[in-house]
Amino acid sequence: MCLAIPGEIVDVSEQHGMKFARVQFGGITRQVCLEYQPAAKVGDFVLVHVGFAIATVDREEAARQWEILRELGEEA
Amino acid sequence: MKFLDEYRDADAVAELAETIRKTVTRPHVIMEVCGGQTHSILRYGLDRMLPPDVELVHGPGCPVCVTALETIDRAHAIAQRPEVIFTSFGDMLRVPGTHGDLLALRARGADVRVVYSPLDALALARANPDRQVVFFGIGFETTAPANAMTLIAARREGLTNFSMLASHVLVPPAIASILQSSDNRVQAFLGPGHVCAITGFRAYTSLAARYRVPIVITGFEPVDLLRGVLLAIRQLERGSATVENAYSRTVEEGGSPAARAAIADVFDVIDRNWRGIGAIPKSGYRISDRYRAHDADIIFDVGAIATREPEACIAGLVLRGVKKPCDCPAFGRSCTPATPLGATMVSAEGACAAYYQHRRTA
């Protein structure tokens with residue numbers, strides 16, 4: 001069950017003593033537990049697996065890797 | 001969708017495929033561990049874009065597929081108890097045990113419910129104080145933190161009617177087991193991206209060094225997968241054997257410290273039996289003593305379980321990458337998603353289901 005996709009945090013709240021976020025994936029919104037990504041904030045993209053944010057997308061790293069990828073393509 | 005669509009870009013995929021073709025000078029065998037990666041490869045036809053010298057072999061990264069038959073039968077026995085609301089992820093419902101599946105039990109009156117998250121099962125327990133809610137907690141290390149947090153919450157709230165039948169499996173021991181096998185042909189691995197988001201990849205550094213195999217931590221989208229294949233091939237071509245992180249927008253070397261701490265609190269590492277593969281030492285999690293009040297294995301005494309696998313099913317050989325699903329005489333005949341003989345034809349991450357859905361007959 002390693003299926004997980006990135007979604008955008010649109011707001012944060014607390015439920016049953018745990019930090020939660022409302023996360024948007026395209027047209028769908030879900031409540032996601034943020035206990036493992038407590039520093040994540042509105043506007044961040046988190047990777048969500050079975051109702052939990054398991055990682056925050058590192059935008060700088062994503063941009064950097066994308067540049068490297070385009071360079072790889074130019075070698076082709 | 002941001003951070004998804006760009007990794008499905010057809011031009012980027014085509015460029016990577018071309019670079020791979022130009023890099024390969026001899027045959028290579030690469031295994032992608034994760035069932036989600038297998039499905040993506042087949043869905044996007046990435047295997048067909050690779051030159052014939054590159055063989056992709058599918059690994060045992062399907063937690064539903066490798067859950068021991070005895071555990072499945074135990075789950076079925078618990079689900080039949082009248083006081084129990086048995087909750088599970090969707091694809092577990094159609095996994096055949098020795099005597100049918102959860103869907104059949106539901107048809108005969110068992111209260112079996114599909115949930116998306118273990119927190120949904122916890123909510124059911126709060127809402128139904130007169131019933132025993134049991135959650136079937138299967139999965140790799142990716143899912144363990146979710147199950148851990150759920151048990152932490154159950155204990156904190158003092159719930160007396162929530163328990164978990166936990167059956168986690170761990171990836172690094174499975175890779176070691178494959179590499180130790182006398183008929184192993186795998187020369188490099190695409191490491192499991194979401195498992196590593198949780199655990200980090202230090203365990204894979206040890207494996208790469210001990211067995212001298214390249215391991216490239218890889219994501220799940222077409223661009224990610226072909227990039228992982230390219231990096232693995234580059235290492236194989238030049239004879240190096242290290243860990244590379246090709247999913248660095250999500251994975252850090254140390255993983256998620258909070259998730260690892262919760263796992264260490266809630267679970268103990270134990271030996272586990274993998275369906276179709278056999279016993280692998282220190283390859284599973286069991287609920288620790290602190291959380292025994294929520295351990296369904298302890299709470300429910302279901303007696304001795306006698307298991308029996310269907311003879312025609314070769315799921316074990318498929319899970320170890322020794323055979324492909326289309327090599328199986330039952331594939332597409334007596335075994336289909338509608339009438340599965342084994343878990344690999346049922347699960348969203350099973351190789352046989354992937355081959356069937358994406359019409360791979362050879």
# chains A, B, ... in the order shown; residues from 1 in each chain; ligands from 1

call {"tool": "interface_residues", "arguments": {"of": "chain B", "to": "chain A", "cutoff": "7 Å", "atoms": "only C-alpha atoms", "output": "VMD selection string"}}
result
chain B and resid 1 3 15 to 16 18 to 19 36 63 116 to 117 139 142 146 194 197 to 198 248 to 250 258 to 259

call {"tool": "closest_residue", "arguments": {"among": "B:Gly316, B:Gly228, B:Gly193, B:Gly255", "to": "Gly278 (chain B)", "atoms": "only C-alpha atoms"}}
result
B:Gly316

call {"tool": "select_by_dssp", "arguments": {"residues": "chain A", "states": "alpha helix (DSSP H)", "output": "list in words"}}
result
Arg59, Glu60, Glu61, Ala62, Ala63, Arg64, Gln65, Trp66, Glu67, Ile68, Leu69, Arg70, Glu71, Leu72, Gly73, Glu74 and Glu75 of chain A

call {"tool": "write_last_selection", "arguments": {"atoms": "C-alpha atoms", "output": "PDB file, in the first residue's frame"}}
result
ATOM      1  CA  ARG A  59      10.235  22.482  -3.941  1.00  0.00           C
ATOM      2  CA  GLU A  60      13.834  23.662  -4.317  1.00  0.00           C
ATOM      3  CA  GLU A  61      15.065  20.099  -4.627  1.00  0.00           C
ATOM      4  CA  ALA A  62      12.278  19.325  -7.110  1.00  0.00           C
ATOM      5  CA  ALA A  63      13.265  22.336  -9.257  1.00  0.00           C
ATOM      6  CA  ARG A  64      16.965  21.436  -9.036  1.00  0.00           C
ATOM      7  CA  GLN A  65      16.330  17.809 -10.046  1.00  0.00           C
ATOM      8  CA  TRP A  66      14.075  18.908 -12.901  1.00  0.00           C
ATOM      9  CA  GLU A  67      16.931  21.044 -14.298  1.00  0.00           C
ATOM     10  CA  ILE A  68      19.283  18.061 -14.149  1.00  0.00           C
ATOM     11  CA  LEU A  69      16.651  15.988 -15.923  1.00  0.00           C
ATOM     12  CA  ARG A  70      16.371  18.437 -18.806  1.00  0.00           C
ATOM     13  CA  GLU A  71      20.168  18.369 -19.128  1.00  0.00           C
ATOM     14  CA  LEU A  72      20.027  14.553 -19.311  1.00  0.00           C
ATOM     15  CA  GLY A  73      17.495  14.928 -22.099  1.00  0.00           C
ATOM     16  CA  GLU A  74      19.816  17.234 -24.014  1.00  0.00           C
ATOM     17  CA  GLU A  75      22.439  14.503 -24.051  1.00  0.00           C
TER      18      GLU A  75
END

call {"tool": "residues_around", "arguments": {"residues": "Ile277 (chain B)", "least_positions_apart": "2", "cutoff": "10 Å", "atoms": "only C-alpha atoms", "output": "number ranges by chain"}}
result
B: 60, 66, 68, 174, 177-178, 273-275, 279-280, 315-320

call {"tool": "write_last_selection", "arguments": {"atoms": "N, CA, C and O atoms", "output": "compact mmCIF listing (two decimals), in the first residue's frame"}}
result
# COMPACT_ATOMS: atom_id res chain seq x y z
N PRO B 60 8.81 -8.33 -4.61
CA PRO B 60 7.74 -8.72 -3.69
C PRO B 60 7.12 -7.54 -2.95
O PRO B 60 6.62 -7.69 -1.85
N VAL B 66 2.02 -10.60 0.11
CA VAL B 66 2.96 -11.37 0.93
C VAL B 66 2.46 -11.61 2.35
O VAL B 66 3.15 -12.24 3.16
N ALA B 68 1.01 -13.54 5.16
CA ALA B 68 0.97 -15.00 5.32
C ALA B 68 -0.46 -15.51 5.28
O ALA B 68 -1.38 -14.90 5.82
N ALA B 174 13.95 -8.43 2.73
CA ALA B 174 13.47 -9.13 1.53
C ALA B 174 14.49 -9.01 0.40
O ALA B 174 14.75 -9.97 -0.33
N SER B 177 17.24 -11.38 1.15
CA SER B 177 16.80 -12.75 0.87
C SER B 177 16.88 -13.06 -0.62
O SER B 177 17.33 -14.13 -1.02
N ILE B 178 16.48 -12.11 -1.45
CA ILE B 178 16.54 -12.31 -2.91
C ILE B 178 18.00 -12.44 -3.36
O ILE B 178 18.34 -13.32 -4.15
N ASN B 273 6.86 -14.78 8.21
CA ASN B 273 6.62 -15.67 7.08
C ASN B 273 6.01 -14.87 5.94
O ASN B 273 4.97 -14.25 6.13
N TRP B 274 6.65 -14.86 4.77
CA TRP B 274 6.10 -14.15 3.62
C TRP B 274 5.38 -15.16 2.74
O TRP B 274 5.98 -16.18 2.35
N ARG B 275 4.14 -14.87 2.42
CA ARG B 275 3.36 -15.79 1.60
C ARG B 275 4.07 -16.01 0.27
O ARG B 275 4.43 -15.06 -0.41
N ALA B 279 9.96 -18.02 5.41
CA ALA B 279 10.38 -17.23 6.56
C ALA B 279 11.58 -16.37 6.21
O ALA B 279 12.54 -16.84 5.60
N ILE B 280 11.51 -15.09 6.56
CA ILE B 280 12.65 -14.19 6.40
C ILE B 280 12.92 -13.61 7.79
O ILE B 280 12.04 -13.01 8.41
N ALA B 315 2.39 -17.77 -7.23
CA ALA B 315 2.64 -16.39 -6.78
C ALA B 315 4.02 -16.21 -6.15
O ALA B 315 4.65 -15.17 -6.32
N GLY B 316 4.48 -17.23 -5.43
CA GLY B 316 5.80 -17.11 -4.78
C GLY B 316 6.91 -16.90 -5.78
O GLY B 316 7.80 -16.06 -5.59
N LEU B 317 6.87 -17.64 -6.90
CA LEU B 317 7.90 -17.49 -7.94
C LEU B 317 7.80 -16.12 -8.60
O LEU B 317 8.81 -15.51 -8.97
N VAL B 318 6.57 -15.61 -8.74
CA VAL B 318 6.36 -14.28 -9.32
C VAL B 318 6.91 -13.21 -8.39
O VAL B 318 7.59 -12.28 -8.82
N LEU B 319 6.64 -13.37 -7.09
CA LEU B 319 7.06 -12.37 -6.10
C LEU B 319 8.57 -12.29 -5.99
O LEU B 319 9.12 -11.25 -5.64
N ARG B 320 9.26 -13.38 -6.26
CA ARG B 320 10.72 -13.37 -6.17
C ARG B 320 11.36 -13.01 -7.51
O ARG B 320 12.58 -12.98 -7.64

call {"tool": "residues_around", "arguments": {"residues": "Ile30 (chain B)", "least_positions_apart": "6", "cutoff": "10 Å", "atoms": "only C-alpha atoms", "output": "PDB file with all heavy atoms, in the first residue's frame"}}
result
ATOM      1  N   VAL B  54      17.712  -4.648 -21.537  1.00  0.00           N
ATOM      2  CA  VAL B  54      17.340  -4.303 -20.162  1.00  0.00           C
ATOM      3  C   VAL B  54      16.106  -5.101 -19.767  1.00  0.00           C
ATOM      4  O   VAL B  54      15.037  -4.941 -20.358  1.00  0.00           O
ATOM      5  CB  VAL B  54      17.051  -2.799 -20.019  1.00  0.00           C
ATOM      6  CG1 VAL B  54      16.637  -2.475 -18.583  1.00  0.00           C
ATOM      7  CG2 VAL B  54      18.264  -1.978 -20.423  1.00  0.00           C
ATOM      8  N   GLU B  55      16.262  -5.969 -18.770  1.00  0.00           N
ATOM      9  CA  GLU B  55      15.130  -6.753 -18.293  1.00  0.00           C
ATOM     10  C   GLU B  55      14.694  -6.230 -16.940  1.00  0.00           C
ATOM     11  O   GLU B  55      15.495  -6.130 -16.010  1.00  0.00           O
ATOM     12  CB  GLU B  55      15.512  -8.230 -18.169  1.00  0.00           C
ATOM     13  CG  GLU B  55      14.307  -9.110 -17.821  1.00  0.00           C
ATOM     14  CD  GLU B  55      14.690 -10.560 -17.532  1.00  0.00           C
ATOM     15  OE1 GLU B  55      15.820 -10.952 -17.906  1.00  0.00           O
ATOM     16  OE2 GLU B  55      13.871 -11.260 -16.930  1.00  0.00           O
ATOM     17  N   LEU B  56      13.415  -5.897 -16.827  1.00  0.00           N
ATOM     18  CA  LEU B  56      12.847  -5.478 -15.542  1.00  0.00           C
ATOM     19  C   LEU B  56      12.166  -6.679 -14.901  1.00  0.00           C
ATOM     20  O   LEU B  56      11.328  -7.329 -15.516  1.00  0.00           O
ATOM     21  CB  LEU B  56      11.832  -4.361 -15.733  1.00  0.00           C
ATOM     22  CG  LEU B  56      12.372  -2.982 -16.102  1.00  0.00           C
ATOM     23  CD1 LEU B  56      11.236  -1.979 -16.190  1.00  0.00           C
ATOM     24  CD2 LEU B  56      13.400  -2.503 -15.081  1.00  0.00           C
ATOM     25  N   VAL B  57      12.553  -6.944 -13.671  1.00  0.00           N
ATOM     26  CA  VAL B  57      12.004  -8.076 -12.928  1.00  0.00           C
ATOM     27  C   VAL B  57      11.214  -7.507 -11.749  1.00  0.00           C
ATOM     28  O   VAL B  57      11.647  -6.553 -11.114  1.00  0.00           O
ATOM     29  CB  VAL B  57      13.197  -8.945 -12.459  1.00  0.00           C
ATOM     30  CG1 VAL B  57      12.852  -9.742 -11.236  1.00  0.00           C
ATOM     31  CG2 VAL B  57      13.645  -9.858 -13.574  1.00  0.00           C
ATOM     32  N   HIS B  58      10.054  -8.080 -11.490  1.00  0.00           N
ATOM     33  CA  HIS B  58       9.167  -7.483 -10.489  1.00  0.00           C
ATOM     34  C   HIS B  58       9.387  -8.108  -9.119  1.00  0.00           C
ATOM     35  O   HIS B  58       9.491  -9.322  -8.997  1.00  0.00           O
ATOM     36  CB  HIS B  58       7.719  -7.630 -10.932  1.00  0.00           C
ATOM     37  CG  HIS B  58       7.530  -7.316 -12.369  1.00  0.00           C
ATOM     38  ND1 HIS B  58       7.914  -6.109 -12.913  1.00  0.00           N
ATOM     39  CD2 HIS B  58       7.071  -8.062 -13.397  1.00  0.00           C
ATOM     40  CE1 HIS B  58       7.686  -6.125 -14.215  1.00  0.00           C
ATOM     41  NE2 HIS B  58       7.170  -7.299 -14.543  1.00  0.00           N
ATOM     42  N   GLY B  59       9.456  -7.262  -8.098  1.00  0.00           N
ATOM     43  CA  GLY B  59       9.786  -7.746  -6.765  1.00  0.00           C
ATOM     44  C   GLY B  59       8.569  -7.997  -5.892  1.00  0.00           C
ATOM     45  O   GLY B  59       7.434  -7.890  -6.341  1.00  0.00           O
ATOM     46  N   ARG B 185      19.060 -13.525 -10.243  1.00  0.00           N
ATOM     47  CA  ARG B 185      19.604 -12.938 -11.465  1.00  0.00           C
ATOM     48  C   ARG B 185      19.638 -11.402 -11.384  1.00  0.00           C
ATOM     49  O   ARG B 185      20.100 -10.736 -12.306  1.00  0.00           O
ATOM     50  CB  ARG B 185      18.729 -13.328 -12.659  1.00  0.00           C
ATOM     51  CG  ARG B 185      18.662 -14.814 -12.910  1.00  0.00           C
ATOM     52  CD  ARG B 185      17.517 -15.167 -13.858  1.00  0.00           C
ATOM     53  NE  ARG B 185      17.533 -14.355 -15.049  1.00  0.00           N
ATOM     54  CZ  ARG B 185      16.554 -13.570 -15.464  1.00  0.00           C
ATOM     55  NH1 ARG B 185      15.436 -13.459 -14.766  1.00  0.00           N
ATOM     56  NH2 ARG B 185      16.665 -12.868 -16.572  1.00  0.00           N
ATOM     57  N   VAL B 186      19.120 -10.848 -10.280  1.00  0.00           N
ATOM     58  CA  VAL B 186      18.973  -9.403 -10.181  1.00  0.00           C
ATOM     59  C   VAL B 186      20.334  -8.753  -9.939  1.00  0.00           C
ATOM     60  O   VAL B 186      21.078  -9.161  -9.047  1.00  0.00           O
ATOM     61  CB  VAL B 186      18.006  -9.022  -9.048  1.00  0.00           C
ATOM     62  CG1 VAL B 186      17.875  -7.508  -8.944  1.00  0.00           C
ATOM     63  CG2 VAL B 186      16.648  -9.673  -9.261  1.00  0.00           C
ATOM     64  N   GLN B 187      20.646  -7.708 -10.752  1.00  0.00           N
ATOM     65  CA  GLN B 187      21.956  -7.064 -10.636  1.00  0.00           C
ATOM     66  C   GLN B 187      21.864  -5.663 -10.030  1.00  0.00           C
ATOM     67  O   GLN B 187      22.870  -5.101  -9.612  1.00  0.00           O
ATOM     68  CB  GLN B 187      22.590  -6.957 -12.026  1.00  0.00           C
ATOM     69  CG  GLN B 187      22.818  -8.315 -12.670  1.00  0.00           C
ATOM     70  CD  GLN B 187      23.013  -8.195 -14.171  1.00  0.00           C
ATOM     71  OE1 GLN B 187      22.258  -7.509 -14.844  1.00  0.00           O
ATOM     72  NE2 GLN B 187      24.032  -8.851 -14.681  1.00  0.00           N
ATOM     73  N   ALA B 188      20.652  -5.087 -10.030  1.00  0.00           N
ATOM     74  CA  ALA B 188      20.468  -3.734  -9.491  1.00  0.00           C
ATOM     75  C   ALA B 188      19.019  -3.599  -9.069  1.00  0.00           C
ATOM     76  O   ALA B 188      18.148  -4.327  -9.551  1.00  0.00           O
ATOM     77  CB  ALA B 188      20.819  -2.673 -10.532  1.00  0.00           C
ATOM     78  N   PHE B 189      18.767  -2.646  -8.157  1.00  0.00           N
ATOM     79  CA  PHE B 189      17.408  -2.446  -7.661  1.00  0.00           C
ATOM     80  C   PHE B 189      16.954  -1.004  -7.832  1.00  0.00           C
ATOM     81  O   PHE B 189      17.752  -0.069  -7.673  1.00  0.00           O
ATOM     82  CB  PHE B 189      17.335  -2.779  -6.161  1.00  0.00           C
ATOM     83  CG  PHE B 189      17.478  -4.235  -5.857  1.00  0.00           C
ATOM     84  CD1 PHE B 189      18.738  -4.800  -5.720  1.00  0.00           C
ATOM     85  CD2 PHE B 189      16.363  -5.044  -5.701  1.00  0.00           C
ATOM     86  CE1 PHE B 189      18.883  -6.154  -5.453  1.00  0.00           C
ATOM     87  CE2 PHE B 189      16.494  -6.403  -5.420  1.00  0.00           C
ATOM     88  CZ  PHE B 189      17.757  -6.957  -5.303  1.00  0.00           C
ATOM     89  N   LEU B 190      15.645  -0.865  -8.133  1.00  0.00           N
ATOM     90  CA  LEU B 190      14.995   0.424  -7.941  1.00  0.00           C
ATOM     91  C   LEU B 190      14.397   0.362  -6.543  1.00  0.00           C
ATOM     92  O   LEU B 190      13.501  -0.441  -6.283  1.00  0.00           O
ATOM     93  CB  LEU B 190      13.886   0.643  -8.979  1.00  0.00           C
ATOM     94  CG  LEU B 190      14.293   0.609 -10.451  1.00  0.00           C
ATOM     95  CD1 LEU B 190      13.127   1.028 -11.339  1.00  0.00           C
ATOM     96  CD2 LEU B 190      15.513   1.477 -10.711  1.00  0.00           C
ATOM     97  N   PRO B 214      23.980  -1.906  -7.259  1.00  0.00           N
ATOM     98  CA  PRO B 214      23.466  -0.536  -7.231  1.00  0.00           C
ATOM     99  C   PRO B 214      22.013  -0.526  -6.757  1.00  0.00           C
ATOM    100  O   PRO B 214      21.231  -1.407  -7.138  1.00  0.00           O
ATOM    101  CB  PRO B 214      23.542  -0.088  -8.696  1.00  0.00           C
ATOM    102  CG  PRO B 214      24.291  -1.139  -9.423  1.00  0.00           C
ATOM    103  CD  PRO B 214      24.247  -2.376  -8.611  1.00  0.00           C
ATOM    104  N   ILE B 215      21.680   0.445  -5.915  1.00  0.00           N
ATOM    105  CA  ILE B 215      20.285   0.608  -5.485  1.00  0.00           C
ATOM    106  C   ILE B 215      19.932   2.077  -5.697  1.00  0.00           C
ATOM    107  O   ILE B 215      20.549   2.958  -5.088  1.00  0.00           O
ATOM    108  CB  ILE B 215      20.088   0.219  -4.012  1.00  0.00           C
ATOM    109  CG1 ILE B 215      20.545  -1.222  -3.766  1.00  0.00           C
ATOM    110  CG2 ILE B 215      18.605   0.384  -3.620  1.00  0.00           C
ATOM    111  CD1 ILE B 215      20.380  -1.703  -2.320  1.00  0.00           C
ATOM    112  N   VAL B 229      15.847   3.874 -13.675  1.00  0.00           N
ATOM    113  CA  VAL B 229      16.432   2.841 -14.548  1.00  0.00           C
ATOM    114  C   VAL B 229      17.732   3.353 -15.166  1.00  0.00           C
ATOM    115  O   VAL B 229      18.747   2.650 -15.189  1.00  0.00           O
ATOM    116  CB  VAL B 229      15.418   2.431 -15.653  1.00  0.00           C
ATOM    117  CG1 VAL B 229      16.090   1.579 -16.714  1.00  0.00           C
ATOM    118  CG2 VAL B 229      14.242   1.675 -15.047  1.00  0.00           C
ATOM    119  N   ALA B 232      20.524   3.389 -12.633  1.00  0.00           N
ATOM    120  CA  ALA B 232      20.954   2.018 -12.327  1.00  0.00           C
ATOM    121  C   ALA B 232      21.822   1.477 -13.458  1.00  0.00           C
ATOM    122  O   ALA B 232      22.871   0.863 -13.212  1.00  0.00           O
ATOM    123  CB  ALA B 232      19.731   1.117 -12.119  1.00  0.00           C
ATOM    124  N   ILE B 233      21.407   1.723 -14.698  1.00  0.00           N
ATOM    125  CA  ILE B 233      22.172   1.232 -15.846  1.00  0.00           C
ATOM    126  C   ILE B 233      23.539   1.898 -15.917  1.00  0.00           C
ATOM    127  O   ILE B 233      24.549   1.253 -16.206  1.00  0.00           O
ATOM    128  CB  ILE B 233      21.375   1.442 -17.147  1.00  0.00           C
ATOM    129  CG1 ILE B 233      20.243   0.427 -17.213  1.00  0.00           C
ATOM    130  CG2 ILE B 233      22.268   1.313 -18.379  1.00  0.00           C
ATOM    131  CD1 ILE B 233      19.254   0.663 -18.321  1.00  0.00           C
ATOM    132  N   LEU B 236      25.670   0.117 -13.495  1.00  0.00           N
ATOM    133  CA  LEU B 236      26.011  -1.232 -13.955  1.00  0.00           C
ATOM    134  C   LEU B 236      27.045  -1.170 -15.072  1.00  0.00           C
ATOM    135  O   LEU B 236      27.993  -1.960 -15.105  1.00  0.00           O
ATOM    136  CB  LEU B 236      24.755  -1.960 -14.441  1.00  0.00           C
ATOM    137  CG  LEU B 236      23.772  -2.385 -13.355  1.00  0.00           C
ATOM    138  CD1 LEU B 236      22.440  -2.827 -13.959  1.00  0.00           C
ATOM    139  CD2 LEU B 236      24.354  -3.512 -12.498  1.00  0.00           C
TER     140      LEU B 236
END

call {"tool": "atom_distance", "arguments": {"atom1": "CA of Val12 (chain A)", "atom2": "CA of Met149 (chain B)"}}
result
18.1 Å

call {"tool": "residues_around", "arguments": {"residues": "Arg131 (chain B)", "least_positions_apart": "2", "cutoff": "7 Å", "atoms": "only C-alpha atoms", "output": "PyMOL selection string"}}
result
chain B and resi 83-85+128-129+133+161

call {"tool": "write_last_selection", "arguments": {"atoms": "N, CA and C atoms", "output": "mmCIF file, in the first residue's frame"}}
result
data_model
loop_
_atom_site.group_PDB
_atom_site.id
_atom_site.type_symbol
_atom_site.label_atom_id
_atom_site.label_comp_id
_atom_site.auth_asym_id
_atom_site.auth_seq_id
_atom_site.Cartn_x
_atom_site.Cartn_y
_atom_site.Cartn_z
ATOM 1 N N GLU B 83 -19.589 -9.907 17.376
ATOM 2 C CA GLU B 83 -19.389 -8.617 18.031
ATOM 3 C C GLU B 83 -18.404 -7.736 17.260
ATOM 4 N N VAL B 84 -17.776 -8.316 16.230
ATOM 5 C CA VAL B 84 -16.688 -7.607 15.563
ATOM 6 C C VAL B 84 -17.162 -6.803 14.350
ATOM 7 N N ILE B 85 -16.675 -5.544 14.241
ATOM 8 C CA ILE B 85 -16.702 -4.823 12.961
ATOM 9 C C ILE B 85 -15.286 -4.961 12.425
ATOM 10 N N ASN B 128 -19.108 3.292 17.881
ATOM 11 C CA ASN B 128 -19.798 2.023 18.161
ATOM 12 C C ASN B 128 -19.235 1.363 19.419
ATOM 13 N N PRO B 129 -19.474 1.975 20.607
ATOM 14 C CA PRO B 129 -18.851 1.470 21.842
ATOM 15 C C PRO B 129 -19.263 0.046 22.210
ATOM 16 N N VAL B 133 -14.089 -3.180 17.280
ATOM 17 C CA VAL B 133 -13.602 -2.823 15.951
ATOM 18 C C VAL B 133 -12.178 -3.334 15.795
ATOM 19 N N ASN B 161 -12.433 -0.895 22.850
ATOM 20 C CA ASN B 161 -13.066 -1.682 21.797
ATOM 21 C C ASN B 161 -12.372 -1.524 20.446
#

call {"tool": "atom_distance", "arguments": {"atom1": "CA of Thr199 (chain B)", "atom2": "CA of Ile138 (chain B)"}}
result
16.9 Å

call {"tool": "atom_distance", "arguments": {"atom1": "CA of Ala312 (chain B)", "atom2": "CA of Val112 (chain B)"}}
result
28.5 Å

call {"tool": "closest_residue", "arguments": {"among": "B:Leu159, B:Ile175, B:Met92, B:Ala144", "to": "Tyr211 (chain B)", "atoms": "only C-alpha atoms"}}
result
B:Ile175

call {"tool": "residues_around", "arguments": {"residues": "Asp111 (chain B)", "least_positions_apart": "2", "cutoff": "8 Å", "atoms": "only C-alpha atoms", "output": "MDAnalysis selection string"}}
result
chainID B and resid 79:80 82 84:86 106 109 113

call {"tool": "write_last_selection", "arguments": {"atoms": "N, CA, C and O atoms", "output": "compact mmCIF listing (two decimals), in the first residue's frame"}}
result
# COMPACT_ATOMS: atom_id res chain seq x y z
N ALA B 79 -13.20 -11.93 11.73
CA ALA B 79 -14.29 -11.20 11.05
C ALA B 79 -15.64 -11.88 11.25
O ALA B 79 -16.69 -11.23 11.19
N GLN B 80 -15.61 -13.19 11.48
CA GLN B 80 -16.88 -13.92 11.64
C GLN B 80 -17.49 -13.78 13.02
O GLN B 80 -18.62 -14.19 13.24
N PRO B 82 -19.57 -12.27 15.87
CA PRO B 82 -20.72 -11.36 15.76
C PRO B 82 -20.49 -9.98 16.37
O PRO B 82 -21.08 -9.00 15.92
N VAL B 84 -17.78 -8.32 16.23
CA VAL B 84 -16.69 -7.61 15.56
C VAL B 84 -17.16 -6.80 14.35
O VAL B 84 -17.96 -7.27 13.54
N ILE B 85 -16.67 -5.54 14.24
CA ILE B 85 -16.70 -4.82 12.96
C ILE B 85 -15.29 -4.96 12.42
O ILE B 85 -14.33 -4.44 13.03
N PHE B 86 -15.13 -5.69 11.32
CA PHE B 86 -13.80 -5.95 10.78
C PHE B 86 -13.52 -4.95 9.67
O PHE B 86 -14.25 -4.87 8.69
N ARG B 106 -18.74 -11.38 4.20
CA ARG B 106 -19.69 -10.28 4.32
C ARG B 106 -21.04 -10.67 3.75
O ARG B 106 -22.09 -10.35 4.30
N GLY B 109 -23.09 -12.40 6.17
CA GLY B 109 -23.52 -11.71 7.37
C GLY B 109 -22.45 -11.11 8.25
O GLY B 109 -22.76 -10.42 9.22
N ARG B 113 -15.97 -3.97 6.71
CA ARG B 113 -16.08 -2.64 6.10
C ARG B 113 -14.74 -2.19 5.55
O ARG B 113 -13.71 -2.35 6.20

call {"tool": "closest_residue", "arguments": {"among": "B:Arg234, B:Gly158, B:Leu225, B:Ala17", "to": "Ala246 (chain B)", "atoms": "only C-alpha atoms"}}
result
B:Leu225

call {"tool": "closest_residue", "arguments": {"among": "B:Val115, B:Arg156, B:Val269, B:Ala354", "to": "Lys324 (chain B)", "atoms": "only C-alpha atoms"}}
result
B:Ala354

call {"tool": "select_by_dssp", "arguments": {"residues": "region 105-354 of chain B", "states": "strand (DSSP E)", "output": "PyMOL selection string"}}
result
chain B and resi 111-114+132-139+162-169+188-192+215-218+243-245+267-274+278-287

call {"tool": "closest_residue", "arguments": {"among": "B:Glu237, B:Asp5, B:Asp91, B:Asp53", "to": "Met345 (chain B)", "atoms": "only C-alpha atoms"}}
result
B:Asp91

call {"tool": "residues_around", "arguments": {"residues": "region 41-47 of chain B", "least_positions_apart": "2", "cutoff": "8 Å", "atoms": "only C-alpha atoms", "output": "JSON, numbers by chain"}}
result
{"B": [37, 38, 39, 49, 50, 56, 222, 225, 226, 354, 355, 358]}
